[in-house]
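This is structure_36.txt. It holds compact mmCIF, N, CA and C atoms.
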# COMPACT_ATOMS: atom_id res chain seq x y z
N MET N 230 136.97 124.80 67.83
CA MET N 230 137.62 124.94 66.57
C MET N 230 137.68 123.60 65.81
N LEU N 231 138.34 122.62 66.41
CA LEU N 231 138.47 121.33 65.73
C LEU N 231 137.15 120.58 65.66
N ALA N 232 136.27 120.80 66.62
CA ALA N 232 134.99 120.10 66.62
C ALA N 232 134.09 120.58 65.49
N ARG N 233 134.43 121.68 64.87
CA ARG N 233 133.63 122.19 63.75
C ARG N 233 134.03 121.57 62.41
N LEU N 234 135.10 120.79 62.41
CA LEU N 234 135.50 120.11 61.18
C LEU N 234 134.42 119.10 60.79
N PRO N 235 134.34 118.77 59.50
CA PRO N 235 133.37 117.74 59.09
C PRO N 235 133.68 116.40 59.76
N LEU N 236 132.64 115.65 60.03
CA LEU N 236 132.78 114.38 60.74
C LEU N 236 133.75 113.40 60.06
N PRO N 237 133.78 113.30 58.71
CA PRO N 237 134.76 112.39 58.11
C PRO N 237 136.21 112.75 58.44
N TRP N 238 136.52 114.03 58.57
CA TRP N 238 137.88 114.44 58.94
C TRP N 238 138.20 114.04 60.37
N LEU N 239 137.23 114.14 61.24
CA LEU N 239 137.45 113.75 62.63
C LEU N 239 137.60 112.24 62.77
N ILE N 240 136.84 111.51 61.97
CA ILE N 240 137.00 110.05 61.97
C ILE N 240 138.37 109.67 61.43
N LEU N 241 138.84 110.39 60.43
CA LEU N 241 140.19 110.16 59.90
C LEU N 241 141.25 110.48 60.95
N LEU N 242 141.05 111.54 61.72
CA LEU N 242 141.97 111.88 62.81
C LEU N 242 141.99 110.79 63.87
N ALA N 243 140.82 110.26 64.20
CA ALA N 243 140.74 109.17 65.18
C ALA N 243 141.40 107.90 64.64
N ALA N 244 141.22 107.63 63.36
CA ALA N 244 141.86 106.45 62.75
C ALA N 244 143.38 106.61 62.74
N PHE N 245 143.85 107.83 62.48
CA PHE N 245 145.30 108.09 62.49
C PHE N 245 145.86 107.86 63.89
N ALA N 246 145.19 108.38 64.91
CA ALA N 246 145.66 108.20 66.28
C ALA N 246 145.66 106.73 66.67
N THR N 247 144.64 106.01 66.25
CA THR N 247 144.56 104.58 66.54
C THR N 247 145.69 103.83 65.83
N ALA N 248 145.99 104.23 64.60
CA ALA N 248 147.06 103.57 63.85
C ALA N 248 148.43 103.84 64.46
N VAL N 249 148.65 105.06 64.92
CA VAL N 249 149.95 105.39 65.54
C VAL N 249 150.18 104.55 66.78
N LEU N 250 149.19 104.49 67.66
CA LEU N 250 149.34 103.68 68.86
C LEU N 250 149.37 102.19 68.51
N GLY N 251 148.64 101.79 67.47
CA GLY N 251 148.66 100.40 67.03
C GLY N 251 150.03 99.97 66.52
N LEU N 252 150.73 100.88 65.86
CA LEU N 252 152.10 100.57 65.42
C LEU N 252 153.00 100.34 66.62
N GLY N 253 152.79 101.12 67.67
CA GLY N 253 153.56 100.91 68.89
C GLY N 253 153.25 99.58 69.55
N VAL N 254 151.99 99.21 69.57
CA VAL N 254 151.59 97.92 70.13
C VAL N 254 152.20 96.79 69.30
N ARG N 255 152.17 96.93 68.00
CA ARG N 255 152.74 95.91 67.11
C ARG N 255 154.24 95.78 67.34
N TRP N 256 154.93 96.93 67.53
CA TRP N 256 156.37 96.89 67.72
C TRP N 256 156.72 96.28 69.07
N VAL N 257 155.96 96.61 70.11
CA VAL N 257 156.27 96.11 71.45
C VAL N 257 155.95 94.62 71.56
N PHE N 258 154.74 94.22 71.17
CA PHE N 258 154.32 92.85 71.38
C PHE N 258 154.67 91.93 70.23
N GLY N 259 154.76 92.46 69.02
CA GLY N 259 155.18 91.67 67.88
C GLY N 259 154.20 90.61 67.44
N SER N 260 152.92 90.74 67.78
CA SER N 260 151.96 89.73 67.36
C SER N 260 150.71 90.40 66.82
N LYS N 261 150.09 89.71 65.87
CA LYS N 261 148.86 90.23 65.29
C LYS N 261 147.71 90.12 66.28
N LYS N 262 147.77 89.14 67.16
CA LYS N 262 146.71 88.97 68.15
C LYS N 262 146.65 90.18 69.08
N ALA N 263 147.80 90.69 69.49
CA ALA N 263 147.84 91.87 70.36
C ALA N 263 147.26 93.08 69.65
N VAL N 264 147.54 93.21 68.36
CA VAL N 264 147.01 94.34 67.60
C VAL N 264 145.49 94.21 67.46
N LEU N 265 144.98 93.01 67.24
CA LEU N 265 143.53 92.82 67.14
C LEU N 265 142.84 93.13 68.46
N VAL N 266 143.43 92.71 69.56
CA VAL N 266 142.87 93.03 70.87
C VAL N 266 142.90 94.54 71.08
N TYR N 267 144.01 95.17 70.71
CA TYR N 267 144.13 96.63 70.83
C TYR N 267 143.06 97.34 69.99
N LEU N 268 142.83 96.88 68.77
CA LEU N 268 141.83 97.51 67.92
C LEU N 268 140.42 97.36 68.50
N ALA N 269 140.13 96.20 69.08
CA ALA N 269 138.82 96.00 69.71
C ALA N 269 138.66 96.92 70.92
N ILE N 270 139.72 97.04 71.72
CA ILE N 270 139.67 97.94 72.87
C ILE N 270 139.53 99.39 72.42
N SER N 271 140.24 99.77 71.37
CA SER N 271 140.16 101.14 70.86
C SER N 271 138.77 101.47 70.35
N ALA N 272 138.17 100.56 69.62
CA ALA N 272 136.81 100.79 69.13
C ALA N 272 135.83 100.93 70.29
N GLY N 273 135.98 100.08 71.29
CA GLY N 273 135.12 100.18 72.47
C GLY N 273 135.32 101.48 73.21
N CYS N 274 136.57 101.93 73.34
CA CYS N 274 136.84 103.20 74.02
C CYS N 274 136.24 104.37 73.24
N CYS N 275 136.39 104.36 71.93
CA CYS N 275 135.88 105.45 71.11
C CYS N 275 134.35 105.51 71.20
N LEU N 276 133.71 104.38 71.03
CA LEU N 276 132.24 104.36 71.11
C LEU N 276 131.76 104.67 72.52
N GLY N 277 132.50 104.21 73.51
CA GLY N 277 132.14 104.51 74.89
C GLY N 277 132.27 105.99 75.21
N MET N 278 133.30 106.63 74.67
CA MET N 278 133.47 108.07 74.89
C MET N 278 132.34 108.85 74.23
N ILE N 279 131.96 108.44 73.03
CA ILE N 279 130.87 109.13 72.34
C ILE N 279 129.57 108.96 73.12
N ALA N 280 129.32 107.75 73.61
CA ALA N 280 128.10 107.51 74.39
C ALA N 280 128.13 108.28 75.71
N ALA N 281 129.28 108.31 76.37
CA ALA N 281 129.39 109.04 77.64
C ALA N 281 129.22 110.54 77.42
N GLY N 282 129.74 111.04 76.31
CA GLY N 282 129.57 112.46 76.02
C GLY N 282 128.13 112.82 75.74
N ALA N 283 127.38 111.90 75.17
CA ALA N 283 125.98 112.17 74.83
C ALA N 283 125.10 112.23 76.07
N VAL N 284 125.44 111.49 77.11
CA VAL N 284 124.60 111.48 78.30
C VAL N 284 125.03 112.50 79.35
N GLN N 285 126.09 113.23 79.10
CA GLN N 285 126.54 114.26 80.03
C GLN N 285 125.56 115.42 80.07
N TYR N 286 125.62 116.17 81.13
CA TYR N 286 124.77 117.33 81.27
C TYR N 286 125.04 118.36 80.18
N GLN N 287 126.33 118.49 79.78
CA GLN N 287 126.71 119.44 78.75
C GLN N 287 126.37 118.95 77.35
N HIS N 288 126.09 117.68 77.19
CA HIS N 288 125.81 117.05 75.90
C HIS N 288 126.93 117.31 74.91
N TRP N 289 128.08 116.74 75.20
CA TRP N 289 129.21 116.86 74.29
C TRP N 289 128.88 116.09 73.02
N THR N 290 129.14 116.67 71.89
CA THR N 290 128.82 116.03 70.62
C THR N 290 129.84 114.96 70.28
N ALA N 291 129.51 114.19 69.28
CA ALA N 291 130.44 113.16 68.81
C ALA N 291 131.72 113.80 68.29
N SER N 292 131.62 114.97 67.72
CA SER N 292 132.81 115.67 67.23
C SER N 292 133.76 116.00 68.36
N HIS N 293 133.24 116.52 69.46
CA HIS N 293 134.08 116.82 70.62
C HIS N 293 134.75 115.56 71.15
N MET N 294 134.00 114.51 71.24
CA MET N 294 134.54 113.27 71.80
C MET N 294 135.57 112.63 70.88
N LEU N 295 135.39 112.74 69.57
CA LEU N 295 136.39 112.22 68.64
C LEU N 295 137.70 112.99 68.75
N VAL N 296 137.62 114.29 68.96
CA VAL N 296 138.83 115.09 69.15
C VAL N 296 139.53 114.67 70.45
N LEU N 297 138.77 114.51 71.53
CA LEU N 297 139.35 114.07 72.80
C LEU N 297 139.97 112.67 72.69
N TYR N 298 139.28 111.77 72.02
CA TYR N 298 139.80 110.42 71.81
C TYR N 298 141.11 110.45 71.04
N SER N 299 141.14 111.22 69.95
CA SER N 299 142.33 111.27 69.11
C SER N 299 143.52 111.84 69.86
N PHE N 300 143.31 112.95 70.54
CA PHE N 300 144.41 113.56 71.27
C PHE N 300 144.85 112.70 72.45
N GLY N 301 143.91 112.04 73.10
CA GLY N 301 144.26 111.15 74.20
C GLY N 301 145.11 109.98 73.76
N TRP N 302 144.75 109.39 72.64
CA TRP N 302 145.50 108.24 72.11
C TRP N 302 146.88 108.69 71.64
N LEU N 303 146.98 109.86 71.00
CA LEU N 303 148.29 110.37 70.59
C LEU N 303 149.14 110.69 71.82
N GLY N 304 148.53 111.23 72.87
CA GLY N 304 149.26 111.48 74.11
C GLY N 304 149.77 110.19 74.73
N LEU N 305 148.98 109.14 74.65
CA LEU N 305 149.40 107.84 75.17
C LEU N 305 150.58 107.30 74.37
N ALA N 306 150.53 107.45 73.05
CA ALA N 306 151.64 106.99 72.20
C ALA N 306 152.91 107.77 72.51
N ILE N 307 152.79 109.08 72.68
CA ILE N 307 153.95 109.91 73.00
C ILE N 307 154.49 109.55 74.38
N GLY N 308 153.62 109.32 75.32
CA GLY N 308 154.04 109.01 76.68
C GLY N 308 154.72 107.66 76.82
N PHE N 309 154.29 106.68 76.04
CA PHE N 309 154.91 105.36 76.11
C PHE N 309 156.22 105.28 75.33
N PHE N 310 156.53 106.28 74.52
CA PHE N 310 157.74 106.24 73.70
C PHE N 310 159.01 106.09 74.53
N PRO N 311 159.20 106.82 75.63
CA PRO N 311 160.45 106.64 76.40
C PRO N 311 160.61 105.24 77.00
N SER N 312 159.52 104.55 77.25
CA SER N 312 159.62 103.23 77.88
C SER N 312 159.48 102.08 76.89
N ARG N 313 159.66 102.36 75.62
CA ARG N 313 159.42 101.33 74.60
C ARG N 313 160.35 100.12 74.78
N LYS N 314 161.61 100.34 75.13
CA LYS N 314 162.54 99.22 75.29
C LYS N 314 162.19 98.38 76.52
N LEU N 315 161.79 99.06 77.59
CA LEU N 315 161.40 98.35 78.79
C LEU N 315 160.15 97.50 78.53
N LEU N 316 159.16 98.07 77.87
CA LEU N 316 157.94 97.33 77.56
C LEU N 316 158.21 96.16 76.62
N ARG N 317 159.10 96.38 75.67
CA ARG N 317 159.44 95.27 74.76
C ARG N 317 160.15 94.15 75.51
N GLY N 318 161.00 94.51 76.47
CA GLY N 318 161.65 93.49 77.31
C GLY N 318 160.64 92.70 78.13
N TYR N 319 159.65 93.40 78.69
CA TYR N 319 158.59 92.71 79.44
C TYR N 319 157.82 91.76 78.53
N ALA N 320 157.53 92.19 77.31
CA ALA N 320 156.78 91.34 76.37
C ALA N 320 157.61 90.11 75.98
N GLN N 321 158.91 90.30 75.79
CA GLN N 321 159.76 89.15 75.45
C GLN N 321 159.86 88.18 76.62
N ASP N 322 159.95 88.71 77.83
CA ASP N 322 159.98 87.83 79.01
C ASP N 322 158.69 87.03 79.13
N GLN N 323 157.57 87.67 78.84
CA GLN N 323 156.29 86.98 78.92
C GLN N 323 156.20 85.88 77.87
N ARG N 324 156.71 86.16 76.66
CA ARG N 324 156.70 85.13 75.61
C ARG N 324 157.56 83.94 75.98
N ARG N 325 158.62 84.19 76.74
CA ARG N 325 159.50 83.10 77.17
C ARG N 325 158.91 82.29 78.32
N GLY N 326 157.82 82.79 78.89
CA GLY N 326 157.15 82.05 79.96
C GLY N 326 157.46 82.56 81.35
N ALA N 327 158.16 83.67 81.47
CA ALA N 327 158.48 84.21 82.78
C ALA N 327 157.23 84.80 83.42
N SER N 328 157.17 84.71 84.72
CA SER N 328 156.03 85.28 85.45
C SER N 328 156.22 86.79 85.57
N LEU N 329 155.16 87.52 85.31
CA LEU N 329 155.22 88.98 85.38
C LEU N 329 154.54 89.51 86.64
N LYS N 330 154.43 88.68 87.67
CA LYS N 330 153.76 89.10 88.90
C LYS N 330 154.55 90.16 89.65
N ASN N 331 155.86 90.07 89.62
CA ASN N 331 156.70 90.98 90.39
C ASN N 331 157.24 92.14 89.55
N VAL N 332 156.74 92.30 88.34
CA VAL N 332 157.21 93.37 87.47
C VAL N 332 156.59 94.69 87.90
N THR N 333 157.41 95.70 88.03
CA THR N 333 156.91 97.04 88.36
C THR N 333 157.29 97.98 87.22
N TYR N 334 156.41 98.93 87.00
CA TYR N 334 156.64 99.95 85.97
C TYR N 334 157.21 101.17 86.70
N PRO N 335 158.50 101.46 86.50
CA PRO N 335 159.16 102.52 87.28
C PRO N 335 158.48 103.88 87.13
N ALA N 336 158.58 104.68 88.18
CA ALA N 336 157.94 106.01 88.19
C ALA N 336 158.53 106.92 87.14
N ARG N 337 159.80 106.75 86.81
CA ARG N 337 160.40 107.61 85.79
C ARG N 337 159.81 107.36 84.40
N TYR N 338 159.17 106.20 84.22
CA TYR N 338 158.47 105.93 82.97
C TYR N 338 156.98 106.25 83.07
N GLN N 339 156.46 106.28 84.27
CA GLN N 339 155.05 106.63 84.44
C GLN N 339 154.80 108.12 84.22
N ALA N 340 155.74 108.93 84.66
CA ALA N 340 155.57 110.38 84.58
C ALA N 340 155.34 110.88 83.15
N PRO N 341 156.13 110.44 82.15
CA PRO N 341 155.86 110.92 80.79
C PRO N 341 154.48 110.52 80.27
N VAL N 342 154.00 109.35 80.67
CA VAL N 342 152.67 108.91 80.23
C VAL N 342 151.60 109.83 80.81
N TYR N 343 151.65 110.06 82.11
CA TYR N 343 150.66 110.91 82.76
C TYR N 343 150.70 112.33 82.21
N ILE N 344 151.90 112.87 82.10
CA ILE N 344 152.04 114.26 81.66
C ILE N 344 151.57 114.43 80.22
N SER N 345 151.99 113.53 79.33
CA SER N 345 151.62 113.70 77.92
C SER N 345 150.12 113.50 77.70
N VAL N 346 149.52 112.54 78.38
CA VAL N 346 148.08 112.32 78.21
C VAL N 346 147.30 113.52 78.76
N LEU N 347 147.68 113.99 79.93
CA LEU N 347 146.98 115.14 80.50
C LEU N 347 147.13 116.39 79.64
N LEU N 348 148.33 116.65 79.16
CA LEU N 348 148.53 117.81 78.30
C LEU N 348 147.78 117.70 76.98
N MET N 349 147.77 116.52 76.40
CA MET N 349 147.07 116.35 75.12
C MET N 349 145.55 116.45 75.30
N VAL N 350 145.01 115.93 76.38
CA VAL N 350 143.57 116.03 76.62
C VAL N 350 143.19 117.49 76.93
N LEU N 351 144.05 118.19 77.67
CA LEU N 351 143.80 119.61 77.93
C LEU N 351 143.84 120.40 76.64
N LEU N 352 144.82 120.11 75.80
CA LEU N 352 144.91 120.77 74.50
C LEU N 352 143.69 120.44 73.63
N ALA N 353 143.24 119.20 73.68
CA ALA N 353 142.07 118.80 72.90
C ALA N 353 140.83 119.53 73.37
N SER N 354 140.67 119.66 74.68
CA SER N 354 139.47 120.35 75.15
C SER N 354 139.52 121.84 74.83
N LEU N 355 140.71 122.42 74.83
CA LEU N 355 140.83 123.82 74.43
C LEU N 355 140.55 124.01 72.94
N LEU N 356 141.07 123.09 72.12
CA LEU N 356 140.91 123.21 70.68
C LEU N 356 139.53 122.78 70.17
N SER N 357 138.81 122.01 70.98
CA SER N 357 137.51 121.54 70.50
C SER N 357 136.37 122.46 70.91
N SER N 358 136.64 123.43 71.75
CA SER N 358 135.55 124.33 72.18
C SER N 358 135.51 125.59 71.34
Once more with this new file: its structure as structure tokens, please.
Amino acid sequence: MLARLPLPWLILLAAFATAVLGLGVRWVFGSKKAVLVYLAISAGCCLGMIAAGAVQYQHWTASHMLVLYSFGWLGLAIGFFPSRKLLRGYAQDQRRGASLKNVTYPARYQAPVYISVLLMVLLASLLSS
């Protein structure tokens, strides 16, 4: 269904998902450098997903992969929302020079990330076929 949309709409959907997660990165880390690194990683992930979809046996189109990318990034943004204060505290500690070697990400914050990303990717694959 969604994969049948025109490519510019899917690119706009991917840009929206990237912007939503980018706002979260900006809020947590508070630096433009972190946002630039995030944007470079996002572009690499998007292009990598499109390339990986093209070499698959099923030959997933760029449209399918853009839908999966968009929903995956939105799922990541939704999943990190409950731990936003914890992540911001870690970022502030790092800026102050504290060592983050012993920092653990509690399981109660990991569960929403895993669940939301898995549900959004499942929803994306259902809606893109």
- Using all atoms listed in the file, determine which residues lie at most 8 Å from N:Phe258, disregarding the query and same-chain residues fewer than 3 positions distant; provide the list as a ChimeraX atom specification. /N:252-255,261,263-264,316-317,320-321
- Task: as a PyMOL selection string, list the residues of stretch 318-354 of chain N assigned to helix (DSSP H, G or I) by DSSP on the backbone atoms of this structure.
- Result: chain N and resi 318-324+336-354
Give, as AutoDock Vina command-line options, the centre coordinates and the x, y and z edge lengths in Å to one decimal for an axis-aligned box around all listed atoms of stretch 320-338 of chain N, padded by 8 Å on each side.
--center_x 157.1 --center_y 94.8 --center_z 82.9 --size_x 22.6 --size_y 41.6 --size_z 30.9
- Return the single residue from N:Leu231, N:Arg324, N:Val284, N:Met349 that is closest to N:Ser260, with distances computed using only C-alpha atoms.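 Counting only C-alpha atoms, the residue closest to N:Ser260 is N:Arg324.
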- Item | Distance in Å - atom C of N:Leu276 versus atom N of N:Phe309 | 22.9 Å
I'd like a table as a Markdown table: residues in stretch 242-268 of chain N with an atom no more than 6 Å from stretch 297-301 of chain N, each row giving the shortest atom pair and its distance in Å to one decimal, all atoms listed in the file counted, sorted by chain and rising residue number.
| residue | atom | partner | partner_atom | distance |
| --- | --- | --- | --- | --- |
| N:Leu242 | C | N:Ser299 | CA | 5.3 |
| N:Ala243 | CA | N:Ser299 | CA | 4.7 |
| N:Ala246 | CA | N:Ser299 | CA | 5.3 |
- Spatial neighbours of N:Val342, max dist 8 Å, only C-alpha atoms, sep filter under 4 positions, as an MDAnalysis selection string: chainID N and resid 304:305 307:309 338 346
- Query: Could you work out how far atom C of N:Met294 lies from atom C of N:Gln339, giving the answer in Å with one decimal?
  - Reply: 23.8 Å
